[in-house]
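As provided, target-v2.txt (compact mmCIF, C-alpha atoms) reads as follows.
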# COMPACT_ATOMS: atom_id res chain seq x y z
CA MET A 1 -0.55 0.88 -26.00
CA ASN A 2 -2.77 2.81 -23.59
CA LYS A 3 -5.41 4.84 -25.43
CA SER A 4 -4.62 8.01 -23.47
CA LEU A 5 -0.93 7.66 -24.23
CA CYS A 6 -1.68 7.22 -27.94
CA SER A 7 -3.74 10.39 -27.85
CA ALA A 8 -0.98 12.31 -26.11
CA ILE A 9 1.57 11.20 -28.72
CA LEU A 10 -0.81 12.17 -31.54
CA ILE A 11 -1.35 15.63 -30.03
CA PHE A 12 2.41 16.07 -29.76
CA LEU A 13 3.01 15.10 -33.38
CA LEU A 14 0.20 17.28 -34.72
CA ALA A 15 1.20 20.29 -32.66
CA GLY A 16 4.84 20.10 -33.70
CA VAL A 17 5.94 21.70 -30.43
CA SER A 18 8.26 20.75 -27.62
CA ALA A 19 7.17 18.96 -24.45
CA TRP A 20 7.81 22.22 -22.57
CA SER A 21 5.32 24.04 -24.78
CA ILE A 22 2.72 21.37 -24.02
CA ASP A 23 3.42 21.88 -20.32
CA GLU A 24 2.79 25.60 -20.73
CA LYS A 25 -0.51 24.85 -22.41
CA CYS A 26 -1.49 22.69 -19.46
CA THR A 27 -0.95 25.58 -17.06
CA GLN A 28 -3.38 27.85 -18.87
CA ASP A 29 -6.63 28.47 -17.04
CA VAL A 30 -10.10 27.86 -18.48
CA SER A 31 -13.09 30.09 -18.92
CA ASP A 32 -15.85 29.72 -16.34
CA PRO A 33 -18.73 32.09 -15.50
CA ARG A 34 -17.85 31.75 -11.82
CA GLY A 35 -14.46 33.33 -12.47
CA ARG A 36 -11.28 32.42 -10.65
CA MET A 37 -11.52 30.47 -7.41
CA LYS A 38 -10.54 32.68 -4.50
CA PRO A 39 -9.25 30.75 -1.49
CA TRP A 40 -9.66 32.11 2.00
CA GLU A 41 -6.49 33.58 3.43
CA LYS A 42 -7.03 32.50 7.05
CA GLY A 43 -7.72 29.10 8.53
CA ALA A 44 -10.68 28.06 10.65
CA TRP A 45 -8.54 27.86 13.78
CA GLU A 46 -8.23 31.66 13.54
CA THR A 47 -11.66 32.54 12.13
CA GLY A 48 -13.95 29.77 13.41
CA LYS A 49 -15.42 29.58 9.90
CA TYR A 50 -15.40 26.88 7.23
CA ARG A 51 -15.91 27.34 3.50
CA ASN A 52 -18.85 25.72 1.79
CA VAL A 53 -17.20 25.42 -1.62
CA LEU A 54 -20.14 23.46 -2.99
CA LEU A 55 -22.48 26.33 -2.17
CA GLU A 56 -20.05 28.80 -3.75
CA ALA A 57 -20.02 26.58 -6.84
CA GLY A 58 -23.74 27.16 -7.28
CA TYR A 59 -25.34 24.11 -5.70
CA SER A 60 -28.22 24.68 -3.29
CA GLN A 61 -27.85 23.94 0.40
CA ALA A 62 -30.73 21.47 0.22
CA ALA A 63 -29.00 19.60 -2.60
CA ILE A 64 -25.69 19.65 -0.72
CA ASP A 65 -27.31 18.23 2.43
CA ALA A 66 -29.00 15.52 0.36
CA LYS A 67 -25.74 14.65 -1.42
CA LEU A 68 -23.87 14.28 1.87
CA GLU A 69 -26.69 12.29 3.46
CA LYS A 70 -26.81 9.89 0.50
CA ALA A 71 -23.05 9.34 0.56
CA TYR A 72 -23.19 8.54 4.27
CA HIS A 73 -26.19 6.26 3.75
CA ASP A 74 -24.54 4.36 0.91
CA ILE A 75 -21.38 3.68 2.92
CA PHE A 76 -22.84 3.06 6.38
CA LEU A 77 -26.41 1.86 5.84
CA GLY A 78 -27.13 0.91 2.22
CA PRO A 79 -27.01 -2.49 0.50
CA ASN A 80 -23.35 -1.96 -0.47
CA ARG A 81 -22.33 -0.63 2.95
CA VAL A 82 -18.95 -1.27 4.49
CA TYR A 83 -20.16 -0.67 8.08
CA PHE A 84 -21.44 -3.74 9.96
CA GLU A 85 -22.89 -3.81 13.46
CA VAL A 86 -22.00 -6.65 15.81
CA GLY A 87 -24.21 -7.42 18.79
CA ASP A 88 -25.64 -4.63 20.85
CA ASP A 89 -22.69 -2.28 21.07
CA MET A 90 -19.98 -2.92 18.46
CA ALA A 91 -19.40 -2.43 14.74
CA TYR A 92 -16.57 -2.60 12.21
CA ILE A 93 -15.78 -1.27 8.76
CA SER A 94 -14.53 -3.77 6.20
CA ASP A 95 -12.32 -3.39 3.17
CA LEU A 96 -14.59 -5.73 1.24
CA LYS A 97 -12.26 -6.29 -1.69
CA ASN A 98 -9.53 -7.51 0.68
CA ARG A 99 -11.92 -9.24 3.10
CA ASP A 100 -10.47 -7.65 6.20
CA ALA A 101 -10.96 -4.82 8.68
CA ARG A 102 -8.17 -2.27 8.78
CA THR A 103 -7.13 0.43 11.21
CA GLU A 104 -7.39 2.79 8.24
CA GLY A 105 -11.09 2.04 7.82
CA LEU A 106 -12.02 1.89 11.51
CA SER A 107 -10.27 5.19 12.21
CA TYR A 108 -11.80 6.83 9.14
CA GLY A 109 -15.21 5.66 10.26
CA MET A 110 -14.65 7.12 13.71
CA MET A 111 -13.62 10.44 12.20
CA VAL A 112 -16.75 10.50 10.04
CA ALA A 113 -18.90 9.69 13.07
CA VAL A 114 -17.46 12.36 15.35
CA GLN A 115 -17.59 14.97 12.59
CA LEU A 116 -21.26 14.20 11.83
CA ASN A 117 -22.18 13.85 15.53
CA LYS A 118 -23.08 10.16 15.33
CA LYS A 119 -22.08 9.06 18.82
CA ASP A 120 -23.53 5.54 18.68
CA VAL A 121 -21.61 4.76 15.49
CA PHE A 122 -18.39 6.16 16.97
CA ASP A 123 -18.75 4.19 20.20
CA ARG A 124 -19.52 0.96 18.39
CA LEU A 125 -16.49 1.31 16.14
CA TRP A 126 -14.19 2.15 19.05
CA ARG A 127 -15.39 -0.77 21.19
CA TRP A 128 -14.77 -3.20 18.31
CA THR A 129 -11.37 -1.66 17.62
CA LYS A 130 -10.33 -1.83 21.25
CA LYS A 131 -11.44 -5.44 21.59
CA HIS A 132 -10.19 -6.87 18.32
CA MET A 133 -7.33 -4.63 17.20
CA GLN A 134 -5.66 -2.96 20.14
CA HIS A 135 -2.82 -4.81 21.83
CA GLN A 136 -3.36 -5.24 25.53
CA GLY A 137 0.06 -5.69 27.10
CA GLY A 138 3.43 -6.69 25.67
CA PRO A 139 5.84 -4.60 23.60
CA ARG A 140 3.02 -3.40 21.31
CA ASP A 141 0.75 -2.37 24.19
CA ALA A 142 -1.87 0.21 23.13
CA TYR A 143 -0.87 -0.05 19.45
CA PHE A 144 -3.16 -1.72 16.92
CA ALA A 145 -2.95 -4.70 14.59
CA TRP A 146 -3.49 -3.02 11.24
CA SER A 147 -5.38 -5.89 9.57
CA VAL A 148 -7.90 -8.21 11.24
CA ASP A 149 -10.29 -10.90 10.03
CA PRO A 150 -13.64 -9.29 10.87
CA LYS A 151 -15.43 -12.61 11.22
CA THR A 152 -13.06 -14.20 13.73
CA GLY A 153 -11.11 -11.28 15.18
CA LYS A 154 -7.86 -13.03 14.23
CA HIS A 155 -4.98 -10.68 13.49
CA ASN A 156 -3.70 -10.96 9.95
CA SER A 157 -0.73 -8.89 11.09
CA GLU A 158 0.35 -7.91 14.58
CA GLY A 159 2.12 -4.79 13.36
CA SER A 160 0.68 -1.31 13.02
CA ALA A 161 0.27 1.11 10.13
CA SER A 162 1.16 4.49 11.57
CA ASP A 163 -1.66 6.42 9.94
CA GLY A 164 -4.24 4.40 11.86
CA GLU A 165 -2.79 5.49 15.19
CA LEU A 166 -2.74 9.09 13.96
CA TYR A 167 -6.45 9.02 13.12
CA PHE A 168 -7.43 7.14 16.28
CA VAL A 169 -5.78 9.71 18.54
CA THR A 170 -7.27 12.69 16.72
CA SER A 171 -10.80 11.28 16.48
CA LEU A 172 -10.73 10.34 20.18
CA LEU A 173 -9.62 13.85 21.15
CA PHE A 174 -12.45 15.27 19.06
CA ALA A 175 -14.91 12.86 20.69
CA SER A 176 -13.73 14.03 24.10
CA ASN A 177 -14.30 17.63 23.05
CA ARG A 178 -17.74 16.94 21.58
CA TRP A 179 -19.28 14.48 24.04
CA GLY A 180 -17.16 14.68 27.18
CA ASN A 181 -15.72 11.63 28.93
CA LYS A 182 -18.55 10.51 31.22
CA THR A 183 -20.97 8.85 28.82
CA GLY A 184 -19.50 5.36 28.92
CA ILE A 185 -16.12 5.88 27.25
CA ASP A 186 -13.26 8.02 28.51
CA TYR A 187 -12.28 9.27 25.06
CA TYR A 188 -9.51 11.49 26.36
CA GLY A 189 -8.08 8.68 28.46
CA GLU A 190 -8.09 6.35 25.45
CA ALA A 191 -6.33 8.96 23.29
CA ARG A 192 -3.73 9.58 25.98
CA ARG A 193 -3.11 5.87 26.38
CA ILE A 194 -2.11 5.64 22.71
CA LEU A 195 -0.02 8.80 22.84
CA ASP A 196 1.72 7.82 26.09
CA ALA A 197 2.46 4.37 24.67
CA MET A 198 4.38 5.94 21.80
CA TRP A 199 6.88 7.43 24.23
CA SER A 200 7.39 4.17 26.09
CA LYS A 201 8.55 2.11 23.11
CA ASP A 202 12.25 1.34 23.47
CA GLY A 203 12.82 -1.02 20.54
CA THR A 204 11.88 -4.19 22.43
CA ASP A 205 10.89 -6.80 19.83
CA GLY A 206 11.54 -4.11 17.23
CA VAL A 207 8.61 -1.93 18.30
CA MET A 208 9.27 1.81 17.91
CA ASN A 209 7.50 5.14 18.14
CA VAL A 210 4.87 6.13 15.56
CA ILE A 211 6.87 9.32 15.00
CA ASN A 212 10.57 9.16 14.19
CA THR A 213 11.80 11.39 16.99
CA GLU A 214 15.00 12.39 15.19
CA HIS A 215 13.23 13.63 12.06
CA LYS A 216 9.92 14.53 13.75
CA LEU A 217 8.14 12.74 10.90
CA ILE A 218 5.65 9.90 10.92
CA THR A 219 7.02 6.44 10.21
CA PHE A 220 5.72 3.99 7.66
CA VAL A 221 5.24 1.47 10.44
CA PRO A 222 6.33 1.84 14.08
CA ASP A 223 8.86 -0.94 14.11
CA LYS A 224 12.45 -1.24 13.00
CA SER A 225 11.51 -2.36 9.49
CA GLY A 226 9.65 0.88 8.76
CA TYR A 227 10.96 3.39 11.29
CA HIS A 228 13.38 5.07 8.85
CA PHE A 229 11.09 5.84 5.92
CA THR A 230 7.58 7.16 5.43
CA ASP A 231 4.44 7.49 3.33
CA PRO A 232 3.52 11.00 2.11
CA SER A 233 -0.18 10.31 2.63
CA TYR A 234 0.42 9.78 6.36
CA HIS A 235 1.55 13.39 6.82
CA LEU A 236 -1.26 15.32 8.45
CA PRO A 237 0.20 18.47 9.99
CA ALA A 238 -3.28 19.64 10.98
CA PHE A 239 -3.61 16.66 13.33
CA TYR A 240 -0.38 17.51 15.15
CA GLU A 241 -1.70 21.02 15.69
CA ILE A 242 -4.77 19.43 17.30
CA TRP A 243 -2.58 17.29 19.55
CA ALA A 244 -0.66 20.38 20.62
CA GLU A 245 -3.92 22.02 21.66
CA TYR A 246 -5.87 19.15 23.21
CA ALA A 247 -3.60 16.23 24.17
CA ARG A 248 -2.31 18.09 27.26
CA ASP A 249 0.59 15.66 27.69
CA GLY A 250 3.40 18.19 28.00
CA ARG A 251 4.65 17.65 24.44
CA GLU A 252 2.91 20.62 22.86
CA GLU A 253 6.04 22.15 21.39
CA PHE A 254 7.17 18.83 19.94
CA TYR A 255 3.82 18.37 18.17
CA ARG A 256 4.00 21.87 16.71
CA GLU A 257 7.48 21.06 15.44
CA CYS A 258 6.07 17.86 13.90
CA ALA A 259 3.45 19.94 12.07
CA ALA A 260 6.11 22.28 10.71
CA GLU A 261 8.37 19.39 9.70
CA ALA A 262 5.49 17.62 7.94
CA ARG A 263 4.85 20.72 5.85
CA ARG A 264 8.53 21.04 4.96
CA TYR A 265 8.67 17.34 4.11
CA LEU A 266 5.75 17.64 1.69
CA HIS A 267 7.64 20.40 -0.16
CA ARG A 268 10.45 17.90 -0.71
CA ALA A 269 8.36 14.84 -1.52
CA ILE A 270 6.10 16.37 -4.17
CA HIS A 271 7.25 16.78 -7.77
CA PRO A 272 7.81 20.47 -8.62
CA LYS A 273 5.89 20.31 -11.92
CA THR A 274 3.26 17.57 -11.71
CA GLY A 275 2.38 17.82 -8.02
CA LEU A 276 2.68 14.03 -7.75
CA ASN A 277 4.48 11.97 -5.12
CA THR A 278 5.41 8.34 -4.69
CA ASP A 279 3.60 6.14 -2.18
CA THR A 280 6.71 5.80 -0.02
CA THR A 281 9.79 7.99 0.40
CA GLU A 282 12.87 8.52 2.44
CA PHE A 283 12.56 11.25 5.05
CA SER A 284 14.47 13.41 2.58
CA GLY A 285 11.47 13.18 0.26
CA GLU A 286 13.37 11.05 -2.26
CA PRO A 287 11.29 8.13 -3.61
CA LEU A 288 12.01 4.95 -1.68
CA LYS A 289 13.66 2.21 -3.68
CA ASN A 290 11.57 -0.64 -2.37
CA ARG A 291 12.02 -4.32 -3.04
CA TRP A 292 8.39 -5.06 -3.88
CA PHE A 293 7.54 -3.12 -7.06
CA PRO A 294 8.47 0.19 -8.71
CA ASN A 295 7.49 3.14 -6.51
CA ALA A 296 4.94 5.53 -8.01
CA PHE A 297 1.87 7.66 -7.36
CA ARG A 298 -0.72 5.02 -6.55
CA PHE A 299 -3.62 4.39 -4.16
CA ASP A 300 -2.10 5.76 -0.94
CA SER A 301 -0.99 8.90 -2.77
CA TRP A 302 -4.55 9.86 -3.65
CA ARG A 303 -4.99 11.11 -0.08
CA VAL A 304 -2.28 13.76 -0.27
CA PRO A 305 -4.35 16.51 -1.99
CA MET A 306 -7.11 16.08 0.59
CA ASN A 307 -4.67 16.10 3.52
CA ILE A 308 -3.06 19.32 2.34
CA ALA A 309 -6.50 20.86 1.75
CA MET A 310 -7.45 19.99 5.33
CA ASP A 311 -4.33 21.70 6.65
CA TYR A 312 -5.16 24.77 4.55
CA SER A 313 -8.78 24.84 5.68
CA TRP A 314 -7.96 24.50 9.36
CA PHE A 315 -4.70 26.44 9.76
CA ALA A 316 -3.56 28.01 6.43
CA ARG A 317 0.02 28.28 7.73
CA ASP A 318 1.66 27.38 4.42
CA ARG A 319 -0.68 29.29 2.09
CA GLU A 320 1.58 30.25 -0.79
CA TRP A 321 3.05 26.79 -1.27
CA GLN A 322 -0.30 25.05 -0.77
CA GLN A 323 -2.01 27.24 -3.37
CA ASP A 324 0.82 26.51 -5.78
CA TYR A 325 0.51 22.79 -5.04
CA ALA A 326 -3.20 22.88 -5.86
CA ARG A 327 -2.41 24.59 -9.19
CA ARG A 328 0.22 22.01 -10.06
CA ILE A 329 -1.74 18.84 -9.36
CA GLN A 330 -5.00 20.15 -10.81
CA ASN A 331 -3.21 21.43 -13.92
CA PHE A 332 -1.62 18.03 -14.41
CA LEU A 333 -4.80 16.02 -13.92
CA PHE A 334 -6.88 18.44 -16.00
CA CYS A 335 -4.39 18.08 -18.85
CA ARG A 336 -4.80 14.29 -18.67
CA GLY A 337 -8.54 14.86 -19.11
CA LEU A 338 -10.91 15.92 -16.33
CA ASP A 339 -13.19 12.95 -16.98
CA THR A 340 -10.48 10.48 -17.93
CA PHE A 341 -7.30 11.03 -15.87
CA GLU A 342 -5.74 7.81 -14.69
CA ASP A 343 -5.13 6.79 -11.09
CA GLN A 344 -1.48 5.64 -11.19
CA PHE A 345 1.51 7.63 -12.48
CA ASN A 346 5.23 7.94 -12.29
CA ILE A 347 5.84 11.22 -10.53
CA ASP A 348 7.09 12.86 -13.73
CA GLY A 349 3.59 12.34 -15.12
CA THR A 350 4.29 9.35 -17.36
CA LEU A 351 2.25 6.18 -17.01
CA PRO A 352 3.90 3.35 -15.05
CA ASP A 353 4.89 0.06 -16.66
CA PHE A 354 3.83 -1.81 -13.52
CA ILE A 355 0.15 -1.42 -12.61
CA LEU A 356 -0.62 -2.18 -8.98
CA PRO A 357 -3.69 -4.45 -8.85
CA ALA A 358 -6.72 -3.92 -6.62
CA GLY A 359 -9.57 -6.29 -5.87
CA GLY A 360 -8.40 -8.81 -8.46
CA TYR A 361 -8.19 -6.21 -11.24
CA ARG A 362 -4.97 -4.88 -12.74
CA LYS A 363 -5.72 -1.81 -14.81
CA LEU A 364 -5.58 1.94 -14.85
CA ARG A 365 -8.94 3.55 -14.32
CA HIS A 366 -10.53 6.94 -13.64
CA SER A 367 -11.02 6.30 -9.94
CA LEU A 368 -13.61 7.97 -7.77
CA GLY A 369 -11.14 8.20 -4.89
CA LEU A 370 -8.76 10.44 -6.85
CA VAL A 371 -11.64 12.39 -8.39
CA ALA A 372 -12.73 13.12 -4.83
CA THR A 373 -9.40 14.11 -3.32
CA SER A 374 -8.36 16.24 -6.30
CA ALA A 375 -11.65 18.09 -5.88
CA ALA A 376 -10.91 18.71 -2.20
CA ALA A 377 -7.77 20.53 -3.34
CA SER A 378 -10.08 23.23 -4.71
CA ILE A 379 -10.26 24.59 -1.16
CA MET A 380 -6.81 25.99 -2.02
CA GLY A 381 -7.63 26.68 -5.67
CA THR A 382 -6.81 29.97 -7.36
CA GLN A 383 -7.99 29.15 -10.90
CA ALA A 384 -11.36 28.88 -12.61
CA LYS A 385 -10.19 25.36 -13.37
CA SER A 386 -10.74 24.46 -9.70
CA TRP A 387 -14.51 24.81 -10.13
CA LYS A 388 -14.38 22.05 -12.74
CA PHE A 389 -12.95 19.62 -10.19
CA VAL A 390 -15.75 20.52 -7.77
CA ASP A 391 -18.30 19.86 -10.51
CA ALA A 392 -16.60 16.55 -11.27
CA VAL A 393 -16.98 15.19 -7.75
CA TRP A 394 -20.52 16.55 -7.55
CA ASN A 395 -21.44 14.60 -10.69
CA ALA A 396 -19.52 11.46 -9.67
CA LYS A 397 -21.33 8.37 -8.42
CA LEU A 398 -20.36 5.63 -6.02
CA GLU A 399 -21.22 2.68 -8.21
CA PRO A 400 -19.52 -0.24 -9.98
CA TYR A 401 -17.23 0.50 -12.91
CA GLU A 402 -18.05 -0.88 -16.34
CA ASP A 403 -15.82 -3.92 -15.80
CA GLY A 404 -17.54 -4.77 -12.50
CA TYR A 405 -14.88 -3.44 -10.14
CA PHE A 406 -16.47 -1.70 -7.14
CA ASP A 407 -14.85 -0.30 -4.03
CA PRO A 408 -17.33 1.34 -1.65
CA TYR A 409 -14.62 1.13 1.04
CA TYR A 410 -11.67 3.20 -0.20
CA ASP A 411 -13.34 5.03 -3.08
CA GLY A 412 -16.39 5.51 -0.89
CA LEU A 413 -14.69 6.85 2.22
CA LEU A 414 -12.53 9.28 0.24
CA TYR A 415 -15.64 10.42 -1.62
CA LEU A 416 -17.47 11.02 1.66
CA PHE A 417 -14.49 12.85 3.16
CA SER A 418 -14.28 15.08 0.09
CA LEU A 419 -17.95 16.04 0.29
CA MET A 420 -17.50 16.80 3.99
CA HIS A 421 -14.50 19.05 3.29
CA LEU A 422 -16.12 20.84 0.37
CA SER A 423 -19.37 21.46 2.28
CA GLY A 424 -17.64 22.79 5.40
CA ASN A 425 -18.52 19.72 7.46
CA TYR A 426 -15.00 18.51 8.30
CA ARG A 427 -14.08 20.67 11.26
CA ILE A 428 -11.87 21.24 14.26
CA ILE A 429 -14.07 20.08 17.11
CA THR A 430 -13.42 22.27 20.12
CA PRO A 431 -14.41 21.50 23.71
CA ALA A 432 -17.49 23.68 23.20
CA GLY A 433 -18.46 21.74 20.05
CA ALA A 434 -17.63 22.22 16.39
CA SER A 435 -16.34 25.72 15.77
Structure re-expressed in C-alpha cells:
Amino acid sequence: MNKSLCSAILIFLLAGVSAWSIDEKCTQDVSDPRGRMKPWEKGAWETGKYRNVLLEAGYSQAAIDAKLEKAYHDIFLGPNRVYFEVGDDMAYISDLKNRDARTEGLSYGMMVAVQLNKKDVFDRLWRWTKKHMQHQGGPRDAYFAWSVDPKTGKHNSEGSASDGELYFVTSLLFASNRWGNKTGIDYYGEARRILDAMWSKDGTDGVMNVINTEHKLITFVPDKSGYHFTDPSYHLPAFYEIWAEYARDGREEFYRECAAEARRYLHRAIHPKTGLNTDTTEFSGEPLKNRWFPNAFRFDSWRVPMNIAMDYSWFARDREWQQDYARRIQNFLFCRGLDTFEDQFNIDGTLPDFILPAGGYRKLRHSLGLVATSAAASIMGTQAKSWKFVDAVWNAKLEPYEDGYFDPYYDGLLYLFSLMHLSGNYRIITPAGAS
C-alpha cells in the first residue's frame, strides 16, 4: 500500500472524525508572517501591469533574475538541454524521454523565446517547425504533425494535437507585435495561414477545425476521431482574447465567445471540492470514458492551474471563481503534503489504481511540473497558504529524481513557465512591445 495512503488512514483512525471533518481541516489556512495573499483585482490588459509574486514573497530582484536565467540556461543551453540547433538557421526541442519532437514542445519554446525577446531562438524553432512539421498542401494543409523524429524529420503521426496549433498562432501573433514582419519571417502571415486553414476544413479525410464550432471549445484533435471531446489543459481563454485583438480576420466576436465558453467549461470540468480534473472530458465537462486506461488527473492536467492563472493575470474576467479554484486545488495539494503530494489522482482526490507510466517508469512521484503549476496558481491566491507554494517552486530544482528519472522537457518547461508567470515575465505582447 502507498505510504501516503497508509498515513492518511492512520490519521483518520487516530482522529476518530468523519471524512468531512478532515476536509474542513484541509481548508484551514496556515500562519505566515507575510499574511494572506492578496490577488490583484484587475488584469494586465486593463492595467498594463504584471505582478512579481516572487518579489512580493521576499526574494530579491537580483535573485529572481538569476533564478530565471538559470532555468532558461538549463533547458536551452546546458548539458541537459532539450533545445538543439540544426545548421545555420534551425532548431528543435525534443521530448528526450520519448525520443521525438512535439508541437507541444516547439510551440512552448517559441512562446518562451518571444516572451524573453530571443528572436534568433524563435526564428530557428519556427523554421524547423515549418519545414518538418507543417503540412504543405492536402486536407491537412497548414496544420502540424504533432510528433516527428527529430533526426530524420519523419512524421510519427500525421495528425495534430490541437494545443500545438493554439500556441503556434498566439506566439506568432506576439512575434509580429514584438518584431514586426519584415525581418525575414512574416509572423502575422504565418499566424493567419494557420487560422484561415481552420475555417477551410470541411471533413475531407476526416480533417476538422481545431475549435468545435458548435460548442466553441477546442477539440482534442482536429479530426473526426477527436472533434467531439476535449482536454481541459488545452483551454486557454486568454489566447482567444489575444486572437480577438490581433488576428484581424473578422472573427473577433467568435473568439471572444470562445474565451467565455472556455471559462464556463472549466467550471464544469473541475471537481467542486478538490479542484482536480481528468485529462480528457466531454464538452459537458464529464470525464471521458476512454478505451485506453481509466481517466484521471495526470500529466496533461498539471497545466490547468497555470492556464487559469494566466487568464487571471492577463484579463481577470472570472475573478471570483478563479480565486475559489486556487483555494480548492492548493488546499487539496497542501493537505496531501506540500513537499510530498503525488502527481496522479482520481478527481475525488483518491489515488488511482492505474498509474500512467512516463519515460519507462511507472510510479507516483512528487513531480516538479505540478509543483511549478500549482505555484503559478498563487497569482490568484487569497490565503497565506499560497506563499508556501511559491516558496516550494523557488526551492525546487530541475534535476534527476532519486530513482534516476529525469524530465528536463516537460518538468523543465513547466518550471520555466511558472517562474516567468510568478516574476511578471509572461506578458501580453502588444504591437508597441510588452505592456
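Of note, atom CA of A:Leu77 and atom CA of A:Ala113 are spaced 13.0 Å apart.
Using only C-alpha atoms, the contacts of stretch 157-169 of chain A at a cut-off of 8 Å, with sequence neighbours closer than 6 positions omitted, comprise Thr103, Glu104, Ser107, Tyr108, Met110, Met111, Tyr143, Phe144, Ala145, Trp146, Ser147, Val148, Ala191, Arg192, Ile194, Leu195, Val210, Ile218, Thr219, Phe220, Val221, Pro222, Asp223, Tyr234 and Phe239 of chain A.
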For C-alpha atoms, I'd like the residues from the last selection saved as a compact mmCIF listing (two decimals), keeping the file's coordinate frame.
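Once everything was written out, this is again_21.txt:
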# COMPACT_ATOMS: atom_id res chain seq x y z
CA THR A 103 -7.13 0.43 11.21
CA GLU A 104 -7.39 2.79 8.24
CA SER A 107 -10.27 5.19 12.21
CA TYR A 108 -11.80 6.83 9.14
CA MET A 110 -14.65 7.12 13.71
CA MET A 111 -13.62 10.44 12.20
CA TYR A 143 -0.87 -0.05 19.45
CA PHE A 144 -3.16 -1.72 16.92
CA ALA A 145 -2.95 -4.70 14.59
CA TRP A 146 -3.49 -3.02 11.24
CA SER A 147 -5.38 -5.89 9.57
CA VAL A 148 -7.90 -8.21 11.24
CA ALA A 191 -6.33 8.96 23.29
CA ARG A 192 -3.73 9.58 25.98
CA ILE A 194 -2.11 5.64 22.71
CA LEU A 195 -0.02 8.80 22.84
CA VAL A 210 4.87 6.13 15.56
CA ILE A 218 5.65 9.90 10.92
CA THR A 219 7.02 6.44 10.21
CA PHE A 220 5.72 3.99 7.66
CA VAL A 221 5.24 1.47 10.44
CA PRO A 222 6.33 1.84 14.08
CA ASP A 223 8.86 -0.94 14.11
CA TYR A 234 0.42 9.78 6.36
CA PHE A 239 -3.61 16.66 13.33
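Every polymer residue reaching to within 10 Å of (-20.4, 25.2, -6.1), counting only C-alpha atoms, appears in this list: Arg34, Asn52, Val53, Leu54, Leu55, Glu56, Ala57, Gly58, Tyr59, Ser60, Gln61, Ile64, Trp387, Lys388, Val390, Asp391, Trp394, Leu422 and Ser423 of chain A.
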Please, which residues are within 9 Å of (-4.6, 17.1, 15.5) by the file's coordinates, counting only C-alpha atoms, and could they come as a short mmCIF file (atom, residue, chain, number, x, y, z; two decimals) with C-alpha atoms, keeping the file's coordinate frame?
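Generated output (selection_27.cif):
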data_model
loop_
_atom_site.label_atom_id
_atom_site.label_comp_id
_atom_site.auth_asym_id
_atom_site.auth_seq_id
_atom_site.Cartn_x
_atom_site.Cartn_y
_atom_site.Cartn_z
CA LEU A 166 -2.74 9.09 13.96
CA TYR A 167 -6.45 9.02 13.12
CA VAL A 169 -5.78 9.71 18.54
CA THR A 170 -7.27 12.69 16.72
CA SER A 171 -10.80 11.28 16.48
CA LEU A 173 -9.62 13.85 21.15
CA PHE A 174 -12.45 15.27 19.06
CA LEU A 236 -1.26 15.32 8.45
CA PRO A 237 0.20 18.47 9.99
CA ALA A 238 -3.28 19.64 10.98
CA PHE A 239 -3.61 16.66 13.33
CA TYR A 240 -0.38 17.51 15.15
CA GLU A 241 -1.70 21.02 15.69
CA ILE A 242 -4.77 19.43 17.30
CA TRP A 243 -2.58 17.29 19.55
CA ALA A 244 -0.66 20.38 20.62
CA GLU A 245 -3.92 22.02 21.66
CA TYR A 246 -5.87 19.15 23.21
CA ALA A 247 -3.60 16.23 24.17
CA TYR A 255 3.82 18.37 18.17
CA ILE A 428 -11.87 21.24 14.26
#
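Of the listed residues (A:Val371, A:Ile93, A:Ile308, A:Ile270), A:Val371 comes nearest to A:Phe334; the distances count only C-alpha atoms.
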Using only C-alpha atoms, what does the table of stretch 328-434 of chain A residues within 12 Å of stretch 281-292 of chain A look like, with each row giving the shortest atom pair and its distance in Å to one decimal, sorted by chain and ascending number, as a tab-separated table?
residue	atom	partner	partner_atom	distance
A:Asn346	CA	A:Pro287	CA	10.6
A:Ile347	CA	A:Pro287	CA	9.3
A:Asp348	CA	A:Pro287	CA	11.9
A:Phe354	CA	A:Trp292	CA	11.1
A:Leu356	CA	A:Trp292	CA	10.7
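Restricting the calculation to all atoms listed in the file, the smallest distance between A:Met306 and any of A:Lys131, A:Lys201, A:Arg251, A:His421 is found for A:His421.
Distance check against A:Glu342 using only C-alpha atoms: of A:Tyr426, A:Gly35, A:Arg298, A:His271, the minimum falls on A:Arg298.
Across A:Trp314, A:Phe229, A:Trp40, A:Phe332, the tightest approach to A:Met380 is made by A:Trp40 when counting all atoms listed in the file.
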Across A:Ala259, A:Ile185, A:Leu416, A:Ala66, the smallest distance to A:Ile211, with all atoms listed in the file counted, is shown by A:Ala259
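Using all atoms listed in the file, the shortest contact distance between A:Gly184 and any of A:Gly424, A:Glu41, A:Glu402, A:Trp126 is found at A:Trp126.
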